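Undergrad: Got a structure for you, data_32.txt, holding compact mmCIF, C-alpha atoms.
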```txt
# COMPACT_ATOMS: atom_id res chain seq x y z
CA THR A 1 19.41 -35.17 -13.07
CA GLY A 2 17.41 -35.55 -9.84
CA PRO A 3 14.60 -33.35 -8.53
CA THR A 4 17.00 -30.51 -7.68
CA SER A 5 18.33 -30.17 -11.22
CA LEU A 6 14.77 -30.18 -12.55
CA SER A 7 13.72 -27.34 -10.27
CA ILE A 8 16.81 -25.30 -11.20
CA HIS A 9 16.04 -25.96 -14.86
CA ASP A 10 12.45 -24.77 -14.32
CA ALA A 11 13.64 -21.66 -12.48
CA VAL A 12 16.09 -20.71 -15.24
CA ASN A 13 13.46 -21.26 -17.93
CA TYR A 14 10.95 -19.17 -16.02
CA THR A 15 13.50 -16.37 -15.56
CA LEU A 16 14.38 -16.39 -19.24
CA LYS A 17 10.70 -16.39 -20.18
CA ILE A 18 10.04 -13.18 -18.20
CA TRP A 19 13.43 -11.55 -18.77
CA ASP A 20 11.93 -8.57 -20.62
CA ARG A 21 9.70 -7.81 -17.60
CA LEU A 22 12.59 -8.25 -15.17
CA THR A 23 14.77 -5.77 -17.04
CA ARG A 24 12.08 -3.26 -18.07
CA PHE A 25 13.38 -0.74 -15.50
CA LEU A 26 16.57 -0.40 -17.59
CA ASP A 27 14.61 1.26 -20.41
CA ASP A 28 12.18 3.30 -18.32
CA ALA A 29 13.62 5.48 -15.56
CA ALA A 30 10.14 5.90 -14.03
CA ILE A 31 10.11 2.24 -12.99
CA PRO A 32 11.84 1.83 -9.62
CA LEU A 33 14.64 -0.70 -9.29
CA ASP A 34 13.09 -2.15 -6.12
CA ASN A 35 9.79 -2.08 -4.26
CA ASN A 36 11.13 -0.87 -0.91
CA THR A 37 8.74 2.11 -0.89
CA THR A 38 5.77 -0.22 -1.23
CA GLU A 39 7.05 -2.57 1.44
CA ARG A 40 7.68 0.31 3.86
CA ALA A 41 4.13 1.56 3.24
CA PHE A 42 2.74 -1.87 4.14
CA ARG A 43 4.74 -2.06 7.36
CA ARG A 44 2.83 0.65 9.26
CA PRO A 45 -0.68 -0.79 8.78
CA VAL A 46 0.56 -4.30 9.58
CA ILE A 47 2.10 -3.11 12.84
CA GLY A 48 -1.14 -1.31 13.66
CA ARG A 49 -3.19 -4.37 12.79
CA ASN A 50 -1.00 -6.52 15.01
CA ASN A 51 -1.45 -4.05 17.87
CA TYR A 52 -5.22 -4.45 17.65
CA PHE A 53 -5.24 -8.19 16.98
CA GLY A 54 -7.28 -9.89 19.66
CA ALA A 55 -9.11 -6.73 20.70
CA LYS A 56 -12.19 -7.64 22.70
CA ALA A 57 -14.55 -5.30 20.82
CA ARG A 58 -14.98 -5.97 17.10
CA SER A 59 -16.31 -2.44 16.56
CA GLY A 60 -13.11 -0.94 18.03
CA THR A 61 -11.01 -3.09 15.73
CA LEU A 62 -13.03 -1.97 12.71
CA VAL A 63 -12.67 1.69 13.69
CA ALA A 64 -8.90 1.28 14.13
CA ALA A 65 -8.63 -0.46 10.74
CA THR A 66 -10.61 2.35 9.10
CA PHE A 67 -8.36 5.01 10.65
CA PHE A 68 -5.18 3.17 9.62
CA SER A 69 -6.51 2.87 6.06
CA LEU A 70 -7.41 6.57 5.94
CA LEU A 71 -4.06 7.58 7.42
CA GLU A 72 -2.10 5.55 4.88
CA THR A 73 -4.26 6.80 2.00
CA CYS A 74 -3.64 10.39 3.11
CA ARG A 75 0.10 9.68 3.26
CA LEU A 76 0.00 8.19 -0.21
CA HIS A 77 -1.68 11.31 -1.60
CA ASP A 78 0.39 13.81 0.45
CA VAL A 79 -2.70 14.97 2.34
CA ASN A 80 -2.57 16.36 5.88
CA PHE A 81 -4.50 13.76 7.86
CA THR A 82 -5.82 16.12 10.54
CA ALA A 83 -7.05 18.68 7.98
CA TYR A 84 -8.61 15.93 5.88
CA LEU A 85 -10.34 14.29 8.85
CA THR A 86 -11.79 17.65 9.95
CA ALA A 87 -13.09 18.36 6.44
CA ALA A 88 -14.42 14.79 6.07
CA CYS A 89 -16.37 15.07 9.34
CA ARG A 90 -17.86 18.40 8.23
CA ALA A 91 -18.76 16.90 4.84
CA THR A 92 -20.49 13.98 6.60
CA LEU A 93 -22.61 16.43 8.61
CA ASP A 94 -23.70 17.92 5.26
CA GLY A 95 -24.55 14.44 3.93
CA ARG A 96 -21.50 14.25 1.65
CA THR A 97 -18.59 11.83 1.46
CA LEU A 98 -15.10 13.28 1.12
CA LEU A 99 -12.31 10.95 0.03
CA PRO A 100 -8.62 11.79 0.59
CA TRP A 101 -7.82 12.11 -3.13
CA ASP A 102 -10.72 14.60 -3.55
CA PHE A 103 -9.63 16.76 -0.61
CA THR A 104 -8.32 20.24 -1.34
CA PRO A 105 -7.14 22.10 1.76
CA THR A 106 -8.43 25.63 2.22
CA ALA A 107 -5.97 28.37 2.88
```
Could you rewrite the structure in this file as structure tokens?
TA:
Amino acid sequence: TGPTSLSIHDAVNYTLKIWDRLTRFLDDAAIPLDNNTTERAFRRPVIGRNNYFGAKARSGTLVAATFFSLLETCRLHDVNFTAYLTAACRATLDGRTLLPWDFTPTA
């Protein structure tokens, strides 16, 4: 009946309140059981960010962050990063912006 029992009571009530959301994956096979894929995707940019933490030039840090973001976005959309970056640079020279999800590789 002390603070510990109250917090356990609150936790059980909260769990029961959202039970349908916690068990939704049982009815829909498209919903993954865990979020390991998402957590693995976050790991690479965080490691990269930590590598550049404390860089002396702010502009270099911003460029690195932009490249990490583009690289991860390409991975997410199954886009070849080198091919995309080449096409994006060419598009920029033509005054256009090419985003990874709009990129279609040429044969």
Undergrad: How far is it from CA of Cys74 (chain A) to CA of Trp101 (chain A), in Å with one decimal?
TA: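 Taking CA of Cys74 (chain A) and CA of Trp101 (chain A), their separation equals 7.7 Å.
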Undergrad: Could you tell me how far CA of Ser69 (chain A) sits from CA of Leu33 (chain A), in Å to one decimal place?
TA: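 Straight-line distance from CA of Leu33 (chain A) to CA of Ser69 (chain A) works out to 26.4 Å.
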Undergrad: How many Å lie between CA of Val12 (chain A) and CA of Ala30 (chain A), rounded to one decimal?
TA: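 One can read the CA of Val12 (chain A) to CA of Ala30 (chain A) distance as 27.3 Å.
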Undergrad: Can you pull out the residues contacting Thr104 (chain A)? Cut-off 12 Å, using all atoms listed in the file, and skip same-chain residues under 5 positions away; I want them as JSON, numbers by chain.
TA: {"A": [74, 77, 78, 79, 80, 81, 83, 84, 85, 87, 88, 98, 99]}
Undergrad: Please determine, counting only C-alpha atoms, which residue among A:Leu76, A:Cys89, A:Leu71, A:Asn13 has the shortest atom-to-atom distance to Thr37 (chain A).
TA: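 That would be A:Leu76, the residue with the smallest distance to Thr37 (chain A).
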